[in-house]
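start_13.txt follows (compact mmCIF, C-alpha atoms):
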```txt
# COMPACT_ATOMS: atom_id res chain seq x y z
CA MET A 282 -19.93 35.82 -0.71
CA ALA A 283 -22.52 34.39 1.66
CA GLU A 284 -21.87 31.00 3.23
CA LEU A 285 -24.07 28.15 2.01
CA THR A 286 -26.47 27.08 4.72
CA GLY A 287 -28.32 24.38 2.84
CA VAL A 288 -28.71 22.77 -0.53
CA ASP A 289 -31.44 24.05 -2.83
CA LEU A 290 -31.95 24.43 -6.57
CA THR A 291 -29.73 27.50 -6.73
CA ASN A 292 -26.65 25.88 -5.18
CA CYS A 293 -27.06 22.11 -5.70
CA ASP A 294 -24.38 22.13 -8.39
CA ARG A 295 -21.82 22.95 -5.69
CA GLU A 296 -22.86 20.12 -3.36
CA PRO A 297 -19.86 17.74 -3.03
CA ILE A 298 -21.73 14.53 -3.87
CA HIS A 299 -18.68 13.18 -5.69
CA ILE A 300 -16.79 12.84 -2.43
CA PRO A 301 -17.25 9.33 -1.03
CA GLY A 302 -18.15 9.27 2.62
CA GLN A 303 -21.75 8.22 2.87
CA ILE A 304 -23.99 5.80 1.08
CA GLN A 305 -27.74 5.48 1.09
CA PRO A 306 -28.84 3.32 4.04
CA HIS A 307 -30.11 0.49 1.81
CA GLY A 308 -26.74 0.14 0.06
CA VAL A 309 -23.27 -1.02 1.02
CA LEU A 310 -19.96 0.53 0.06
CA LEU A 311 -16.77 -1.53 -0.12
CA VAL A 312 -13.42 0.12 -0.78
CA LEU A 313 -10.92 -2.28 -2.32
CA GLN A 314 -7.17 -2.21 -2.81
CA ALA A 315 -6.17 -3.35 -6.29
CA PRO A 316 -4.86 -5.59 -7.70
CA ALA A 317 -5.72 -8.17 -5.01
CA LEU A 318 -9.15 -6.58 -4.31
CA THR A 319 -8.59 -6.63 -0.58
CA ILE A 320 -11.31 -4.89 1.43
CA ILE A 321 -9.77 -1.84 3.11
CA GLN A 322 -12.90 0.14 4.06
CA VAL A 323 -16.60 -0.62 4.41
CA SER A 324 -19.78 1.25 5.22
CA THR A 325 -21.00 0.79 8.79
CA ASN A 326 -24.19 -1.02 7.72
CA THR A 327 -22.59 -4.28 6.56
CA GLN A 328 -23.95 -6.16 9.58
CA GLU A 329 -27.54 -5.18 8.77
CA ILE A 330 -27.33 -5.83 5.03
CA LEU A 331 -24.66 -8.53 4.59
CA GLY A 332 -24.68 -10.15 8.02
CA HIS A 333 -20.96 -9.43 8.47
CA VAL A 334 -19.65 -6.94 11.01
CA PRO A 335 -17.43 -4.31 9.39
CA GLU A 336 -14.36 -5.35 11.40
CA ALA A 337 -14.59 -8.92 10.06
CA LEU A 338 -14.46 -7.67 6.46
CA LEU A 339 -11.49 -5.33 6.83
CA GLY A 340 -8.34 -6.84 5.38
CA ALA A 341 -10.25 -9.77 3.90
CA PRO A 342 -10.17 -10.65 0.20
CA LEU A 343 -13.30 -9.80 -1.76
CA SER A 344 -13.50 -13.51 -2.58
CA ASN A 345 -14.83 -14.01 0.97
CA LEU A 346 -18.08 -12.44 -0.30
CA LEU A 347 -18.12 -13.11 -4.04
CA ASN A 348 -17.40 -16.12 -6.23
CA GLU A 349 -14.64 -16.15 -8.85
CA GLN A 350 -17.02 -15.32 -11.71
CA HIS A 351 -18.13 -12.12 -9.96
CA ILE A 352 -14.53 -11.22 -9.14
CA GLN A 353 -13.68 -11.53 -12.84
CA GLN A 354 -16.65 -9.30 -13.75
CA ILE A 355 -15.31 -6.64 -11.38
CA ARG A 356 -11.82 -6.92 -12.86
CA GLN A 357 -13.37 -6.54 -16.33
CA CYS A 358 -15.14 -3.36 -15.19
CA LEU A 359 -11.79 -1.90 -14.24
CA THR A 360 -10.38 -2.40 -17.75
CA GLU A 361 -13.39 -1.40 -19.85
CA ASP A 362 -15.63 1.56 -20.35
CA PHE A 363 -17.52 2.23 -17.12
CA GLU A 364 -20.83 2.87 -18.88
CA SER A 365 -20.76 -0.33 -20.92
CA VAL A 366 -20.32 -2.78 -18.03
CA ASN A 367 -21.98 -1.23 -14.98
CA PRO A 368 -24.12 -2.13 -13.17
CA LEU A 369 -23.23 -5.74 -12.44
CA SER A 370 -25.56 -8.39 -11.15
CA LEU A 371 -23.82 -9.85 -8.09
CA SER A 372 -24.80 -12.49 -5.56
CA ILE A 373 -23.22 -12.24 -2.11
CA ALA A 374 -22.99 -15.11 0.32
CA CYS A 375 -24.52 -13.90 3.56
CA PRO A 376 -24.68 -16.11 6.67
CA ASP A 377 -28.28 -17.26 6.10
CA GLN A 378 -28.71 -16.79 2.34
CA HIS A 379 -27.40 -15.42 -0.94
CA ILE A 380 -28.56 -11.87 -1.65
CA GLU A 381 -28.73 -10.46 -5.17
CA PHE A 382 -27.23 -6.99 -5.62
CA ASP A 383 -26.75 -4.44 -8.36
CA GLY A 384 -23.10 -3.44 -8.17
CA ILE A 385 -21.38 -0.34 -9.51
CA VAL A 386 -17.59 -0.49 -9.79
CA HIS A 387 -15.29 2.47 -10.33
CA ARG A 388 -11.89 3.82 -9.37
CA ARG A 389 -11.29 6.87 -7.22
CA ASP A 390 -8.05 8.18 -5.75
CA GLY A 391 -6.15 4.93 -6.36
CA VAL A 392 -8.73 2.58 -4.86
CA VAL A 393 -11.65 0.59 -6.25
CA LEU A 394 -15.14 1.45 -5.03
CA LEU A 395 -17.83 -1.21 -5.13
CA GLU A 396 -21.29 0.12 -4.41
CA LEU A 397 -23.93 -2.53 -3.72
CA GLU A 398 -27.67 -2.07 -3.73
CA PRO A 399 -30.05 -4.98 -3.06
CA ARG A 400 -31.87 -6.02 -6.22
CA ALA A 401 -35.60 -5.71 -6.55
CA THR A 402 -37.44 -9.03 -6.39
CA GLU A 403 -37.28 -11.21 -9.48
CA GLY A 404 -39.67 -10.31 -12.25
CA GLU A 405 -40.18 -6.76 -11.01
CA PRO A 406 -39.10 -4.02 -13.44
CA ASP A 407 -35.73 -2.66 -12.47
CA PHE A 408 -34.12 0.65 -13.40
CA PHE A 409 -30.75 -0.93 -14.17
CA ASP A 410 -32.30 -3.55 -16.45
CA PHE A 411 -34.16 -0.81 -18.29
CA TYR A 412 -31.00 1.30 -18.45
CA HIS A 413 -29.02 -1.50 -20.09
CA GLN A 414 -31.79 -2.07 -22.64
CA VAL A 415 -31.94 1.57 -23.77
CA LYS A 416 -28.43 2.97 -23.29
CA GLU A 417 -26.91 1.55 -26.48
CA PRO A 418 -29.67 2.78 -28.85
CA ILE A 419 -29.65 6.18 -27.15
CA THR A 420 -25.85 6.39 -27.42
CA ARG A 421 -26.03 5.68 -31.14
```
Take the structure I supplied and represent it as structure tokens, if you would.
Amino acid sequence: MAELTGVDLTNCDREPIHIPGQIQPHGVLLVLQAPALTIIQVSTNTQEILGHVPEALLGAPLSNLLNEQHIQQIRQCLTEDFESVNPLSLSIACPDQHIEFDGIVHRRDGVVLLELEPRATEGEPDFFDFYHQVKEPITR
């Protein structure tokens, strides 16, 4: 069998996109240890997006970034159906401001993954808002 040299329409189903390791440059990935939700890994772009150097986040509780209400939402995601609760609307305290994010929470290999993507400006149509509005009727 020939070795794959690139991804195209004939072999994209074999591309290992399910293996965490990279995140789109406009998003942030936090890997958390449950049950305390301690940050054990981060993407290298946390300084640019969150204003926190990666080393400062490692070993810190997630509560350093999120308030208790958001922490509870994440805990709820871990006990309920993934599709019914994700994405979450989260606000993260950055050094100069609070930034609104869409967050996706899931478990993988014994850890909790929290993917964060900055929200579009208020009032602008958003894919995740649309998704939540139509997923239930489509499911039925």
Original post:
With all atoms listed in the file as the basis for distance, which of A:Leu394, A:Leu369, A:Gln322, A:Gly332 is at the shortest distance from Gln357 in chain A?
Top reply: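 That would be A:Leu369, the residue with the smallest distance to Gln357 in chain A.
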Original post:
What is the CA of Gln314 in chain A to CA of Ala401 in chain A distance in Å?
Top reply: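 If I compute the distance from CA of Gln314 in chain A to CA of Ala401 in chain A, I get 28.9 Å.
In this comparison, which uses all atoms listed in the file, the residue of A:Glu381, A:Val334, A:Ser372, A:Asp390 approaching Ile352 in chain A most closely is A:Ser372.
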Nearby residues, (-23.4, -11.0, -11.5) file frame, 10 Å, all atoms listed in the file, as a short mmCIF file (atom, residue, chain, number, x, y, z; two decimals) with C-alpha atoms, keeping the file's coordinate frame:
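Output file part.cif follows:
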```cif
data_model
loop_
_atom_site.label_atom_id
_atom_site.label_comp_id
_atom_site.auth_asym_id
_atom_site.auth_seq_id
_atom_site.Cartn_x
_atom_site.Cartn_y
_atom_site.Cartn_z
CA LEU A 347 -18.12 -13.11 -4.04
CA ASN A 348 -17.40 -16.12 -6.23
CA GLN A 350 -17.02 -15.32 -11.71
CA HIS A 351 -18.13 -12.12 -9.96
CA ILE A 352 -14.53 -11.22 -9.14
CA GLN A 353 -13.68 -11.53 -12.84
CA GLN A 354 -16.65 -9.30 -13.75
CA ILE A 355 -15.31 -6.64 -11.38
CA PRO A 368 -24.12 -2.13 -13.17
CA LEU A 369 -23.23 -5.74 -12.44
CA SER A 370 -25.56 -8.39 -11.15
CA LEU A 371 -23.82 -9.85 -8.09
CA SER A 372 -24.80 -12.49 -5.56
CA ILE A 373 -23.22 -12.24 -2.11
CA GLU A 381 -28.73 -10.46 -5.17
CA PHE A 382 -27.23 -6.99 -5.62
CA ASP A 383 -26.75 -4.44 -8.36
CA GLY A 384 -23.10 -3.44 -8.17
#
```
**OP:** Name the closest residue to Val312 in chain A among the candidates A:Pro335, A:Glu349, A:Thr360, A:Asp377; distances are taken between atoms, counting all atoms listed in the file.
**Re:** A:Pro335
